[in-house]
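Inspection log for the structure reproduced underneath, given as structure tokens.
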Amino acid sequence: MASFAFIKELAEKKDKNGNGFLDLTVIGSDKKEYPAKVWRFENNGQFEAGGVIEIEYTVDNYKGKPQLTINMIKKAPDEMIKDFVPASEYDGKTVFSILLNKVNHFKDNDLKQIVSSILLKNRDSLEVYPAAYRLHHAIVGGLMLHTASIVEMAEKVCTVYPNINRELLLSGAILHDVAKTFEMETSKTGLCSGYSVGGELIGHLVKGAMYIEETAKELDIESEKVTLLEHMILSHHGVPEYGSPVRPMFLEAEILSTLDSLDATIFEINNATNKIEPGKFTERQWALDNRKLFNHGLSSTEHKVNLGE
């Protein structure tokens, strides 16, 4: 069979006889991922992750799963990348503008200045970045989609519980992952290709809190709200096992952490069950406590965000 595919992962290896081969994970034209092998092949820099290839292949069964054996491989035009890279259905530039407009209408001037300043400094990256390397919202524009989803849920929670400080909660929601643009590196596809040195050594929670501290000093803002915002960023992963140095210690911080986890979980479940037919179970999902998931076919998987202006 002949087709085009996108190289998601590539490793150059040796077989037991010392012959070189390529060990790949590819995304086919059906948007599904497949392990693939190119036997007796020396790469010499010809192919790399993030490229599109034209292939001729056979499908084998390896440990009960399909694996492609590629018999012919050559580069395809770079412009074909857009046909394979998953992207948000919402334009990141539009979402960014809506969020910034929402911040500009804050009554709390300290929060307005801090949040808008950080957004504008990181605008170009925020509008297109994915939200993760492998897990939830690991798609082009995924960071704005994830942020917008949490902001909309936060707005609705505030209508049920009027004792919540809405602007503090929204500030934390908008900024909670802003330092992902510092933590991750992207390839020409727009997807995350790995973590930066600073991302590995510091991470987006700590760096996000640093952004707030630095921005408040630049704006000459001295307020306990600065500390509250920093705490929300540092605690939004909930527990130390997930990277938070502290657990949420006030209402808005707890809500942010809960909504962040909820949105990520909904995305992961939808993403997994979308790949199987109704009435079937997924394979075990390691990101969801190694659970199998059932597609009951009774609900739509459509994702709608309506932030309003």
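Labels used: A, B, ... for chains in the order of the structure tokens, numbers from 1 for residues in each chain, and numbers from 1 for ligands as shown.
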- Task: Determine, counting only C-alpha atoms, which protein, DNA and RNA residues have an atom within 7 Å of an atom of region 231-244 of chain A; residues of the same chain fewer than 6 positions away are not included. Present the result as number ranges by chain.
- Result: A: 172, 176, 205-206, 208-209, 253, 256-257
- Task: Pick out the residues sitting within 10 Å of region 151-157 of chain A, and hand them over as a PyMOL selection string; count only C-alpha atoms, and ignore anything fewer than 5 positions along from it in its own chain.
- Result: chain A and resi 99+145-146+162+164+166-167+169-174+252+255-256+259-260+262-263+305-308
Save the residues we just selected, N, CA and C atoms, as an mmCIF file, in the first residue's frame?
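Writing the result to selection.cif gives the following:
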```
data_model
loop_
_atom_site.group_PDB
_atom_site.id
_atom_site.type_symbol
_atom_site.label_atom_id
_atom_site.label_comp_id
_atom_site.auth_asym_id
_atom_site.auth_seq_id
_atom_site.Cartn_x
_atom_site.Cartn_y
_atom_site.Cartn_z
ATOM 1 N N LEU A 99 -10.030 37.182 25.666
ATOM 2 C CA LEU A 99 -9.545 37.123 27.046
ATOM 3 C C LEU A 99 -8.969 38.469 27.483
ATOM 4 N N LEU A 145 -7.249 27.220 23.870
ATOM 5 C CA LEU A 145 -8.482 26.444 24.018
ATOM 6 C C LEU A 145 -8.665 25.996 25.461
ATOM 7 N N HIS A 146 -7.625 25.463 26.063
ATOM 8 C CA HIS A 146 -7.661 25.009 27.461
ATOM 9 C C HIS A 146 -7.950 26.181 28.389
ATOM 10 N N PRO A 162 -21.924 33.302 44.464
ATOM 11 C CA PRO A 162 -21.589 34.729 44.355
ATOM 12 C C PRO A 162 -20.539 35.209 45.352
ATOM 13 N N ILE A 164 -17.599 34.032 45.505
ATOM 14 C CA ILE A 164 -16.293 33.903 44.857
ATOM 15 C C ILE A 164 -15.833 35.269 44.347
ATOM 16 N N ARG A 166 -14.663 36.898 41.578
ATOM 17 C CA ARG A 166 -14.629 36.564 40.153
ATOM 18 C C ARG A 166 -13.338 37.004 39.488
ATOM 19 N N GLU A 167 -12.899 38.215 39.719
ATOM 20 C CA GLU A 167 -11.729 38.725 38.996
ATOM 21 C C GLU A 167 -10.451 38.038 39.451
ATOM 22 N N LEU A 169 -10.365 34.859 40.506
ATOM 23 C CA LEU A 169 -10.445 33.536 39.896
ATOM 24 C C LEU A 169 -10.105 33.589 38.412
ATOM 25 N N LEU A 170 -10.662 34.565 37.698
ATOM 26 C CA LEU A 170 -10.373 34.672 36.267
ATOM 27 C C LEU A 170 -8.913 35.003 36.018
ATOM 28 N N SER A 171 -8.324 35.816 36.882
ATOM 29 C CA SER A 171 -6.895 36.143 36.732
ATOM 30 C C SER A 171 -6.039 34.886 36.841
ATOM 31 N N GLY A 172 -6.338 34.067 37.830
ATOM 32 C CA GLY A 172 -5.598 32.818 37.982
ATOM 33 C C GLY A 172 -5.833 31.877 36.817
ATOM 34 N N ALA A 173 -7.088 31.813 36.344
ATOM 35 C CA ALA A 173 -7.411 30.925 35.227
ATOM 36 C C ALA A 173 -6.672 31.339 33.955
ATOM 37 N N ILE A 174 -6.608 32.629 33.705
ATOM 38 C CA ILE A 174 -5.951 33.127 32.488
ATOM 39 C C ILE A 174 -4.442 32.942 32.545
ATOM 40 N N GLU A 252 -10.678 30.402 45.711
ATOM 41 C CA GLU A 252 -10.418 30.583 44.277
ATOM 42 C C GLU A 252 -9.287 29.671 43.789
ATOM 43 N N ILE A 255 -10.831 26.190 43.398
ATOM 44 C CA ILE A 255 -11.672 26.113 42.205
ATOM 45 C C ILE A 255 -10.823 26.022 40.950
ATOM 46 N N LEU A 256 -9.776 26.834 40.863
ATOM 47 C CA LEU A 256 -8.896 26.798 39.692
ATOM 48 C C LEU A 256 -8.281 25.416 39.519
ATOM 49 N N LEU A 259 -11.006 22.964 38.297
ATOM 50 C CA LEU A 259 -11.400 23.187 36.907
ATOM 51 C C LEU A 259 -10.292 22.781 35.936
ATOM 52 N N ASP A 260 -9.054 23.021 36.315
ATOM 53 C CA ASP A 260 -7.924 22.627 35.475
ATOM 54 C C ASP A 260 -7.918 21.111 35.285
ATOM 55 N N LEU A 262 -10.479 19.063 35.751
ATOM 56 C CA LEU A 262 -11.704 18.650 35.058
ATOM 57 C C LEU A 262 -11.574 18.836 33.553
ATOM 58 N N ASP A 263 -11.080 19.992 33.121
ATOM 59 C CA ASP A 263 -10.968 20.250 31.691
ATOM 60 C C ASP A 263 -9.984 19.290 31.031
ATOM 61 N N VAL A 305 -16.901 26.517 23.130
ATOM 62 C CA VAL A 305 -16.484 27.561 24.060
ATOM 63 C C VAL A 305 -17.164 28.851 23.631
ATOM 64 N N ASN A 306 -17.833 29.506 24.547
ATOM 65 C CA ASN A 306 -18.555 30.736 24.218
ATOM 66 C C ASN A 306 -18.213 31.793 25.250
ATOM 67 N N LEU A 307 -17.066 32.415 25.086
ATOM 68 C CA LEU A 307 -16.595 33.378 26.079
ATOM 69 C C LEU A 307 -17.357 34.685 26.030
ATOM 70 N N GLY A 308 -17.894 35.009 24.896
ATOM 71 C CA GLY A 308 -18.545 36.311 24.750
ATOM 72 C C GLY A 308 -17.521 37.423 24.734
#
```
Go through region 30-139 of chain A residue by residue and, counting only C-alpha atoms, keep those with an atom at most 10 Å from region 215-218 of chain A; for each kept residue give the shortest atom pair and its distance in Å to one decimal, ordered by chain and increasing number, as a tab-separated table.
```
residue	atom	partner	partner_atom	distance
A:Asp110	CA	A:Ala216	CA	8.5
A:Leu111	CA	A:Ala216	CA	9.5
A:Gln113	CA	A:Ala216	CA	8.5
A:Ile114	CA	A:Thr215	CA	6.2
A:Val115	CA	A:Thr215	CA	8.9
A:Ser117	CA	A:Thr215	CA	7.3
A:Ile118	CA	A:Thr215	CA	7.2
```
- Task: Record the distance separating CA of Val178 (chain A) and CA of Phe106 (chain A), expressed in Å with one decimal.
- Result: 18.9 Å
- Item | region 3-225 of chain A: residues DSSP assigns to alpha helix (DSSP H), reported as an MDAnalysis selection string | chainID A and resid 92:104 109:121 123:126 142:160 166:175 180:183 197:201 203:218 224:225
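Rounded to one decimal, CA of Lys8 (chain A) and CA of Ser125 (chain A) lie 21.6 Å from each other.
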- Query: Within 10 Å of Glu213 (chain A), counting only C-alpha atoms, which residues qualify if same-chain residues fewer than 6 places away don't, as number ranges by chain?
  - Reply: A: 114, 207, 221-222, 226-227, 229-230
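Considering only C-alpha atoms, the residue among A:Glu268, A:Asp23, A:Asp15, A:Glu277 positioned nearest to Arg291 (chain A) is A:Glu268.
Remark: for Lys37 (chain A), the closest of the candidate residues A:Met144, A:Thr186, A:Glu12, A:Gly51 is A:Glu12 (distances computed over only C-alpha atoms).
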- Item | Near-region 61-71 of chain A list (8 Å; only C-alpha atoms; drop same-chain fewer than 3 positions) as a list in words | Tyr34, Pro35, Ala36, Lys37, Val38, Trp39, Ile55, Glu56, Tyr57 and Thr58 of chain A
- Item | Which of A:Ile139, A:Leu201, A:Met1, A:Ala148 sits closest to Val59 (chain A) [using only C-alpha atoms] | A:Met1
- region 67-156 of chain A: residues DSSP assigns to strand (DSSP E), reported as a PyMOL selection string: chain A and resi 67-75
Export N, CA and C atoms of the chosen residues as a CSV table (one decimal), in the first residue's frame?
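Saved to part_2.csv:
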```
chain,number,residue,atom,x,y,z
A,67,GLN,N,1.2,-2.9,13.0
A,67,GLN,CA,2.5,-2.2,12.9
A,67,GLN,C,2.9,-2.2,11.4
A,68,LEU,N,3.4,-1.0,10.9
A,68,LEU,CA,3.7,-0.8,9.5
A,68,LEU,C,5.1,-1.2,9.3
A,69,THR,N,5.4,-2.0,8.2
A,69,THR,CA,6.7,-2.2,7.7
A,69,THR,C,6.8,-1.4,6.5
A,70,ILE,N,7.7,-0.4,6.5
A,70,ILE,CA,7.8,0.5,5.4
A,70,ILE,C,8.9,0.0,4.4
A,71,ASN,N,8.5,-0.2,3.2
A,71,ASN,CA,9.4,-0.7,2.2
A,71,ASN,C,10.0,0.4,1.3
A,72,MET,N,9.3,1.5,1.2
A,72,MET,CA,9.8,2.7,0.5
A,72,MET,C,9.4,3.9,1.3
A,73,ILE,N,10.4,4.8,1.4
A,73,ILE,CA,10.2,6.1,2.1
A,73,ILE,C,10.9,7.2,1.4
A,74,LYS,N,10.2,8.3,1.3
A,74,LYS,CA,10.8,9.6,0.7
A,74,LYS,C,10.0,10.8,1.3
A,75,LYS,N,10.7,11.9,1.3
A,75,LYS,CA,10.1,13.1,1.8
A,75,LYS,C,8.9,13.6,1.0
```
- Item | Selection near Asn122 (chain A), 12 Å with only C-alpha atoms, sequence-local residues under 4 positions removed, as number ranges by chain | A: 96, 115-118, 126-129, 175, 177-182, 208, 211
Output all heavy atoms for every residue in the selection just made, as a compact mmCIF listing (two decimals), in the first residue's frame.
```
# COMPACT_ATOMS: atom_id res chain seq x y z
N PHE A 96 -7.40 34.92 22.28
CA PHE A 96 -6.54 35.82 23.04
C PHE A 96 -7.18 37.20 23.17
O PHE A 96 -7.21 37.79 24.25
CB PHE A 96 -5.17 35.95 22.38
CG PHE A 96 -4.21 36.84 23.12
CD1 PHE A 96 -3.32 36.31 24.03
CD2 PHE A 96 -4.20 38.21 22.91
CE1 PHE A 96 -2.44 37.13 24.73
CE2 PHE A 96 -3.34 39.05 23.61
CZ PHE A 96 -2.46 38.49 24.51
N VAL A 115 -2.29 41.09 34.88
CA VAL A 115 -2.68 40.06 33.91
C VAL A 115 -2.50 40.56 32.48
O VAL A 115 -1.95 39.85 31.63
CB VAL A 115 -4.13 39.61 34.16
CG1 VAL A 115 -4.54 38.56 33.12
CG2 VAL A 115 -4.29 39.05 35.57
N SER A 116 -2.94 41.77 32.18
CA SER A 116 -2.83 42.27 30.81
C SER A 116 -1.36 42.42 30.40
O SER A 116 -1.00 42.14 29.25
CB SER A 116 -3.56 43.60 30.66
OG SER A 116 -3.02 44.59 31.50
N SER A 117 -0.51 42.86 31.33
CA SER A 117 0.91 43.02 31.02
C SER A 117 1.55 41.69 30.67
O SER A 117 2.29 41.58 29.68
CB SER A 117 1.63 43.66 32.21
OG SER A 117 3.01 43.79 31.94
N ILE A 118 1.28 40.67 31.46
CA ILE A 118 1.86 39.34 31.19
C ILE A 118 1.32 38.78 29.88
O ILE A 118 2.07 38.20 29.07
CB ILE A 118 1.56 38.38 32.36
CG1 ILE A 118 2.32 38.84 33.62
CG2 ILE A 118 1.97 36.95 32.00
CD1 ILE A 118 1.98 38.07 34.87
N LEU A 126 1.47 32.68 23.01
CA LEU A 126 0.22 32.23 23.60
C LEU A 126 -0.84 31.93 22.55
O LEU A 126 -1.66 31.02 22.71
CB LEU A 126 -0.31 33.28 24.58
CG LEU A 126 0.45 33.44 25.89
CD1 LEU A 126 -0.07 34.64 26.67
CD2 LEU A 126 0.35 32.18 26.74
N GLU A 127 -0.84 32.67 21.47
CA GLU A 127 -1.88 32.52 20.45
C GLU A 127 -1.79 31.20 19.68
O GLU A 127 -2.78 30.76 19.10
CB GLU A 127 -1.82 33.69 19.47
CG GLU A 127 -2.27 35.01 20.07
CD GLU A 127 -2.14 36.18 19.11
OE1 GLU A 127 -1.38 36.07 18.12
OE2 GLU A 127 -2.80 37.20 19.36
N VAL A 128 -0.64 30.55 19.70
CA VAL A 128 -0.47 29.35 18.87
C VAL A 128 0.00 28.12 19.64
O VAL A 128 -0.07 27.01 19.13
CB VAL A 128 0.52 29.61 17.71
CG1 VAL A 128 -0.01 30.70 16.80
CG2 VAL A 128 1.90 30.01 18.24
N TYR A 129 0.48 28.28 20.87
CA TYR A 129 1.12 27.17 21.57
C TYR A 129 0.14 26.04 21.92
O TYR A 129 -1.04 26.29 22.20
CB TYR A 129 1.76 27.67 22.87
CG TYR A 129 3.27 27.65 22.84
CD1 TYR A 129 3.97 28.43 21.93
CD2 TYR A 129 4.00 26.87 23.73
CE1 TYR A 129 5.35 28.42 21.90
CE2 TYR A 129 5.38 26.85 23.71
CZ TYR A 129 6.06 27.63 22.79
OH TYR A 129 7.43 27.62 22.77
N LEU A 175 -3.87 33.07 33.74
CA LEU A 175 -2.41 33.00 33.88
C LEU A 175 -1.88 31.63 34.28
O LEU A 175 -0.66 31.43 34.27
CB LEU A 175 -1.94 34.03 34.92
CG LEU A 175 -2.12 35.51 34.59
CD1 LEU A 175 -1.55 36.36 35.71
CD2 LEU A 175 -1.47 35.87 33.26
N ASP A 177 -1.37 28.71 33.09
CA ASP A 177 -0.44 27.98 32.22
C ASP A 177 0.37 28.91 31.32
O ASP A 177 0.96 28.45 30.34
CB ASP A 177 -1.21 26.98 31.35
CG ASP A 177 -1.41 25.63 32.02
OD1 ASP A 177 -0.82 25.41 33.10
OD2 ASP A 177 -2.17 24.81 31.47
N VAL A 178 0.40 30.20 31.63
CA VAL A 178 1.04 31.15 30.73
C VAL A 178 2.52 30.83 30.51
O VAL A 178 3.06 31.06 29.42
CB VAL A 178 0.86 32.59 31.25
CG1 VAL A 178 1.70 32.84 32.49
CG2 VAL A 178 1.17 33.61 30.16
N ALA A 179 3.18 30.25 31.51
CA ALA A 179 4.61 29.94 31.38
C ALA A 179 4.86 28.64 30.62
O ALA A 179 6.02 28.21 30.52
CB ALA A 179 5.27 29.92 32.74
N LYS A 180 3.81 28.01 30.07
CA LYS A 180 4.04 26.87 29.18
C LYS A 180 4.87 27.30 27.97
O LYS A 180 5.60 26.50 27.39
CB LYS A 180 2.69 26.30 28.70
CG LYS A 180 1.91 25.50 29.74
CD LYS A 180 2.50 24.14 29.95
CE LYS A 180 1.67 23.28 30.89
NZ LYS A 180 0.47 22.69 30.29
N THR A 181 4.77 28.57 27.60
CA THR A 181 5.55 29.07 26.46
C THR A 181 7.03 29.15 26.82
O THR A 181 7.88 29.19 25.92
CB THR A 181 5.07 30.46 26.03
OG1 THR A 181 5.22 31.39 27.11
CG2 THR A 181 3.60 30.42 25.62
N PHE A 182 7.34 29.19 28.10
CA PHE A 182 8.73 29.14 28.58
C PHE A 182 9.17 27.70 28.75
O PHE A 182 10.32 27.35 28.46
CB PHE A 182 8.82 29.88 29.92
CG PHE A 182 10.04 29.56 30.74
CD1 PHE A 182 11.24 30.24 30.55
CD2 PHE A 182 9.99 28.59 31.74
CE1 PHE A 182 12.36 29.93 31.30
CE2 PHE A 182 11.11 28.28 32.50
CZ PHE A 182 12.29 28.96 32.29
N GLY A 208 5.65 30.75 36.19
CA GLY A 208 4.45 31.57 36.16
C GLY A 208 4.35 32.47 37.37
O GLY A 208 3.99 33.65 37.26
N TYR A 211 6.78 35.26 36.90
CA TYR A 211 6.24 36.30 36.02
C TYR A 211 5.41 37.31 36.81
O TYR A 211 5.51 38.53 36.60
CB TYR A 211 5.34 35.68 34.95
CG TYR A 211 6.02 35.01 33.79
CD1 TYR A 211 5.28 34.25 32.88
CD2 TYR A 211 7.39 35.12 33.57
CE1 TYR A 211 5.88 33.62 31.80
CE2 TYR A 211 7.99 34.49 32.50
CZ TYR A 211 7.24 33.74 31.61
OH TYR A 211 7.83 33.12 30.54
```
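Interatomic distance, CA of Lys280 (chain A) to CA of Ser299 (chain A): 14.5 Å.
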- Hey, what's within 7 Å of Thr282 (chain A) if we count only C-alpha atoms and toss same-chain stuff fewer than 2 positions away? As a PyMOL selection string, please? chain A and resi 272-273+276+280+284+292-294
Keeping all heavy atoms for every residue in the selection just given, could you write it to a file as a PDB file, in the first residue's frame?
```
ATOM      1  N   ALA A 272      -9.831   9.910  23.715  1.00  0.00           N
ATOM      2  CA  ALA A 272      -9.683   8.452  23.683  1.00  0.00           C
ATOM      3  C   ALA A 272     -10.913   7.771  23.092  1.00  0.00           C
ATOM      4  O   ALA A 272     -10.805   6.876  22.241  1.00  0.00           O
ATOM      5  CB  ALA A 272      -9.413   7.929  25.095  1.00  0.00           C
ATOM      6  N   THR A 273     -12.116   8.186  23.520  1.00  0.00           N
ATOM      7  CA  THR A 273     -13.332   7.512  23.059  1.00  0.00           C
ATOM      8  C   THR A 273     -13.685   7.879  21.616  1.00  0.00           C
ATOM      9  O   THR A 273     -14.396   7.119  20.941  1.00  0.00           O
ATOM     10  CB  THR A 273     -14.519   7.822  23.987  1.00  0.00           C
ATOM     11  OG1 THR A 273     -14.664   9.240  24.127  1.00  0.00           O
ATOM     12  CG2 THR A 273     -14.294   7.213  25.368  1.00  0.00           C
ATOM     13  N   ILE A 276     -12.700   5.161  19.008  1.00  0.00           N
ATOM     14  CA  ILE A 276     -13.315   3.835  18.956  1.00  0.00           C
ATOM     15  C   ILE A 276     -14.798   3.957  18.624  1.00  0.00           C
ATOM     16  O   ILE A 276     -15.403   5.008  18.771  1.00  0.00           O
ATOM     17  CB  ILE A 276     -13.148   3.087  20.298  1.00  0.00           C
ATOM     18  CG1 ILE A 276     -13.776   3.890  21.431  1.00  0.00           C
ATOM     19  CG2 ILE A 276     -11.678   2.805  20.573  1.00  0.00           C
ATOM     20  CD1 ILE A 276     -13.862   3.123  22.734  1.00  0.00           C
ATOM     21  N   LYS A 280     -17.707   0.017  22.280  1.00  0.00           N
ATOM     22  CA  LYS A 280     -16.375  -0.547  22.461  1.00  0.00           C
ATOM     23  C   LYS A 280     -15.651   0.133  23.630  1.00  0.00           C
ATOM     24  O   LYS A 280     -15.999   1.228  24.046  1.00  0.00           O
ATOM     25  CB  LYS A 280     -15.540  -0.371  21.193  1.00  0.00           C
ATOM     26  CG  LYS A 280     -16.145  -0.987  19.939  1.00  0.00           C
ATOM     27  CD  LYS A 280     -16.135  -2.505  19.998  1.00  0.00           C
ATOM     28  CE  LYS A 280     -16.613  -3.103  18.675  1.00  0.00           C
ATOM     29  NZ  LYS A 280     -16.624  -4.584  18.706  1.00  0.00           N
ATOM     30  N   ARG A 284      -6.216   0.690  27.851  1.00  0.00           N
ATOM     31  CA  ARG A 284      -5.984   1.366  29.127  1.00  0.00           C
ATOM     32  C   ARG A 284      -5.271   2.696  28.890  1.00  0.00           C
ATOM     33  O   ARG A 284      -4.306   2.759  28.126  1.00  0.00           O
ATOM     34  CB  ARG A 284      -5.179   0.481  30.073  1.00  0.00           C
ATOM     35  CG  ARG A 284      -5.943  -0.750  30.519  1.00  0.00           C
ATOM     36  CD  ARG A 284      -5.232  -1.505  31.628  1.00  0.00           C
ATOM     37  NE  ARG A 284      -5.993  -2.675  32.027  1.00  0.00           N
ATOM     38  CZ  ARG A 284      -7.012  -2.655  32.877  1.00  0.00           C
ATOM     39  NH1 ARG A 284      -7.378  -1.512  33.418  1.00  0.00           N
ATOM     40  NH2 ARG A 284      -7.648  -3.761  33.191  1.00  0.00           N
ATOM     41  N   LYS A 292      -9.630   1.590  31.390  1.00  0.00           N
ATOM     42  CA  LYS A 292     -10.290   1.458  30.102  1.00  0.00           C
ATOM     43  C   LYS A 292     -11.506   2.384  30.108  1.00  0.00           C
ATOM     44  O   LYS A 292     -12.120   2.587  31.143  1.00  0.00           O
ATOM     45  CB  LYS A 292     -10.752   0.019  29.866  1.00  0.00           C
ATOM     46  CG  LYS A 292      -9.644  -0.982  29.647  1.00  0.00           C
ATOM     47  CD  LYS A 292     -10.236  -2.349  29.366  1.00  0.00           C
ATOM     48  CE  LYS A 292      -9.146  -3.372  29.081  1.00  0.00           C
ATOM     49  NZ  LYS A 292      -9.729  -4.722  28.801  1.00  0.00           N
ATOM     50  N   LEU A 293     -11.855   2.931  28.951  1.00  0.00           N
ATOM     51  CA  LEU A 293     -13.001   3.828  28.857  1.00  0.00           C
ATOM     52  C   LEU A 293     -14.002   3.281  27.859  1.00  0.00           C
ATOM     53  O   LEU A 293     -13.622   2.687  26.844  1.00  0.00           O
ATOM     54  CB  LEU A 293     -12.546   5.226  28.426  1.00  0.00           C
ATOM     55  CG  LEU A 293     -11.536   5.900  29.351  1.00  0.00           C
ATOM     56  CD1 LEU A 293     -10.999   7.170  28.705  1.00  0.00           C
ATOM     57  CD2 LEU A 293     -12.153   6.209  30.710  1.00  0.00           C
ATOM     58  N   PHE A 294     -15.259   3.491  28.140  1.00  0.00           N
ATOM     59  CA  PHE A 294     -16.338   2.950  27.309  1.00  0.00           C
ATOM     60  C   PHE A 294     -16.996   4.062  26.508  1.00  0.00           C
ATOM     61  O   PHE A 294     -17.364   5.110  27.050  1.00  0.00           O
ATOM     62  CB  PHE A 294     -17.385   2.276  28.202  1.00  0.00           C
ATOM     63  CG  PHE A 294     -18.516   1.638  27.451  1.00  0.00           C
ATOM     64  CD1 PHE A 294     -18.299   0.571  26.587  1.00  0.00           C
ATOM     65  CD2 PHE A 294     -19.821   2.093  27.606  1.00  0.00           C
ATOM     66  CE1 PHE A 294     -19.338  -0.026  25.895  1.00  0.00           C
ATOM     67  CE2 PHE A 294     -20.876   1.510  26.919  1.00  0.00           C
ATOM     68  CZ  PHE A 294     -20.631   0.444  26.062  1.00  0.00           C
TER      69      PHE A 294
END
```
- Query: Excluding same-chain residues fewer than 4 positions from Gly199 (chain A), what lies within 8 Å of it counting only C-alpha atoms, as an MDAnalysis selection string?
  - Reply: chainID A and resid 182:184 195 203:204
